[in-house]
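This report concerns only the one structure given below.
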Amino acid sequence: MEKQKRELWHNRIPPGAASPSPSSGQPPRALSPELGGLSRQRAAHTGRHVISSILSTQGIKLRDKKALSSHPQSRPCRPLYPAIQRHPRFRRLFDLSTPVLLWGGLFTPELWDSLSQRKAPYGWQGLSHQVITSTLSLLNDSESAGLFASSREHPHTCIRCAVVGNGGILNGSRQGLNIDSHDYVFRLNGAVIKGFERDVGTKTSFYGFTVNTMKNSLISYRDLGFSSVPQGQDLHYIFIPSDLRDYLMLRSAILGVPVPEGPDTGDRPHTYFGPEASASKFKLLHPDFISYLTKRFLKSKLINTHFGDLYMPSTGALMLLTALHTCDQVSAYGFITSNYQKYSDHYFERQKQPLIFYANHDLSLEASLWKDLHQAGILWLYQR
């Protein structure tokens, strides 16, 4: 039975205005930079690193070695699945039958009819049937169906994943070794690495984004060090389908051609993702998965306000919950904690900037969820 559970866990290829911070009491002020033009449109329509190698190449100090030895990563694996089963609340919330990724093998007329009833990112209402079908037809093999290339890569071991947010809590954290020691490392949006290796590591296995958040990050954080999207031979990109432009960019990236229409017309995807135009490099979150995560884990009160059409879980939340549905053991770094006011908004900012609570996300709800998952032993949340 336990072997069957492991196989299920690893091979789940399934058939502008900001909300006030919790204590400010101030009225909304501005939309999150993540929204950009997309918000206006929507509003208008409603391998594990070898530790010795890292130590020798980065010159890690003794205190960093001590931090590594005390981290949960250095102890025997404690898979999150049993912890979920033991917890009365999370046992009801987690549904491992929900498909995480969308690929051509799942596309049916019934799926089109179902998702056409909901707006993006939860569905395809108002989106082009031709664009959706032509994009999914390119994600047509088993590699597109699963996050990891093959469970045979880790037949008898625990798959450990680190999800690295961009929170200011990581500045001075000296967590780079711990992060890079995981089997897989997820990063997102403005993932600045150069100059912060000791705090955030260097390894990137998955980079998650919407086209909107990626492009806005390249604009907003260019002067702070985010001049290009992470690239690498073994790196994979996780598209979050927040609008038609994500499907258009994904299709063009696989075909190696400029984006033919929409706000990104003329963009050459290889400038973002490198010259390797292979479908195996790209993953696409399933709209049903995003809907499931929102309804079960992050059902915000904002949904019932005039900001309801703008609301969706943050990119970081979607990446962390994706890892929790695909990995054995998950560590979260750079995510909001109860003492967030001590730190800057992002770890790469040269001067401290306050964290702003925007209307398109519910960071207070996310913070509460991470705390509860940490206390339940389902994930390990880095805190200071």
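Convention: chains lettered A, B, ... in structure tokens order; per-chain residue numbering from 1; ligands numbered from 1 as shown.
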Q: Please provide as a PyMOL selection string all residues within 9 Å of Ser217 (chain A), with the sequence filter that same-chain residues fewer than 2 positions apart are discarded (counting only C-alpha atoms).
A: chain A and resi 33-34+189-191+212-215+219-222+226-227
Which region 127-179 of chain A residues have any atom within 12 Å of an atom of region 301-315 of chain A, and for each, what is the nearest pair of atoms with distance in Å to one decimal, counting only C-alpha atoms, rows sorted by chain and number, as JSON lines?
{"residue": "A:Val163", "atom": "CA", "partner": "A:Thr315", "partner_atom": "CA", "distance": 11.2}
{"residue": "A:Val164", "atom": "CA", "partner": "A:Thr315", "partner_atom": "CA", "distance": 11.2}
{"residue": "A:Gly165", "atom": "CA", "partner": "A:Thr315", "partner_atom": "CA", "distance": 9.0}
{"residue": "A:Asn166", "atom": "CA", "partner": "A:Thr315", "partner_atom": "CA", "distance": 10.7}
May I have the residues from that selection written out with C-alpha atoms, as a PDB file, in the first residue's frame?
ATOM      1  CA  VAL A 163      10.468  26.964  -3.341  1.00  0.00           C
ATOM      2  CA  VAL A 164      12.184  30.335  -3.217  1.00  0.00           C
ATOM      3  CA  GLY A 165      10.029  33.427  -2.956  1.00  0.00           C
ATOM      4  CA  ASN A 166      11.474  36.916  -3.215  1.00  0.00           C
TER       5      ASN A 166
END
**Q.** Point-to-point distance in Å for CA of Ala323 (chain A) and CA of Ala145 (chain A)
**A.** 15.0 Å
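CA of Thr322 (chain A) is positioned 23.8 Å from CA of Thr133 (chain A).
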Env of Pro121 (chain A): 8 Å cut, atoms = only C-alpha atoms, seq-sep filter 6 positions within chain, self excluded. Answer as a short mmCIF file (atom, residue, chain, number, x, y, z; two decimals) with C-alpha atoms, in the first residue's frame.
data_model
loop_
_atom_site.label_atom_id
_atom_site.label_comp_id
_atom_site.auth_asym_id
_atom_site.auth_seq_id
_atom_site.Cartn_x
_atom_site.Cartn_y
_atom_site.Cartn_z
CA ILE A 240 0.57 30.10 -15.25
CA PRO A 241 -2.24 30.67 -17.79
CA SER A 242 -3.66 33.98 -16.56
CA ASP A 243 -4.77 35.14 -20.01
CA PRO A 287 -6.82 25.87 -14.92
CA ILE A 290 -5.61 26.79 -10.06
CA SER A 291 -9.36 26.77 -9.39
CA MET A 312 -6.00 35.18 -7.81
#
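The space separating CA of Pro82 (chain A) from CA of Gly377 (chain A) comes to 9.6 Å.
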Q) Counting only C-alpha atoms, which of A:Leu147, A:Ala359, A:Ala367, A:Leu138 gets nearest to Pro99 (chain A)? A) A:Leu147
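Between His374 (chain A) and the candidates A:Thr337, A:His346, A:His129, A:Ile356, the tightest atom-to-atom separation, counting only C-alpha atoms, involves A:Thr337.
Candidate residues A:Ser344, A:Thr108, A:Ser228, A:Ser116 were compared for distance to Ser137 (chain A), and the nearest is A:Thr108, using only C-alpha atoms.
Residue nearest Gly262 (chain A), chosen from A:Leu218, A:Ala279, A:Ile179, A:Val211 and counting only C-alpha atoms: A:Val211.
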Q: Apply DSSP to the backbone of this structure and, from region 267-378 of chain A, keep only the residues in helix (DSSP H, G or I); write these as number ranges by chain.
A: A: 270-273, 279-281, 287-296, 301-304, 315-324, 340-342, 363-375
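Comparing the minimum interatomic distances between Gly104 (chain A) and each of A:Arg174, A:Ile193, A:Leu284, A:Leu80, counting only C-alpha atoms, we find that A:Leu284 sits nearest.
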Q: Looking only at strand (DSSP E or B) from DSSP on the backbone, list the matching residues of region 131-197 of chain A as a list in words.
A: Arg160, Cys161, Ala162, Val163, Val164, Gly167, Tyr184, Val185, Phe186, Arg187 and Leu188 of chain A
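Residue nearest Leu324 (chain A), chosen from A:Arg245, A:Trp370, A:Ile336, A:Gly266 and counting only C-alpha atoms: A:Trp370.
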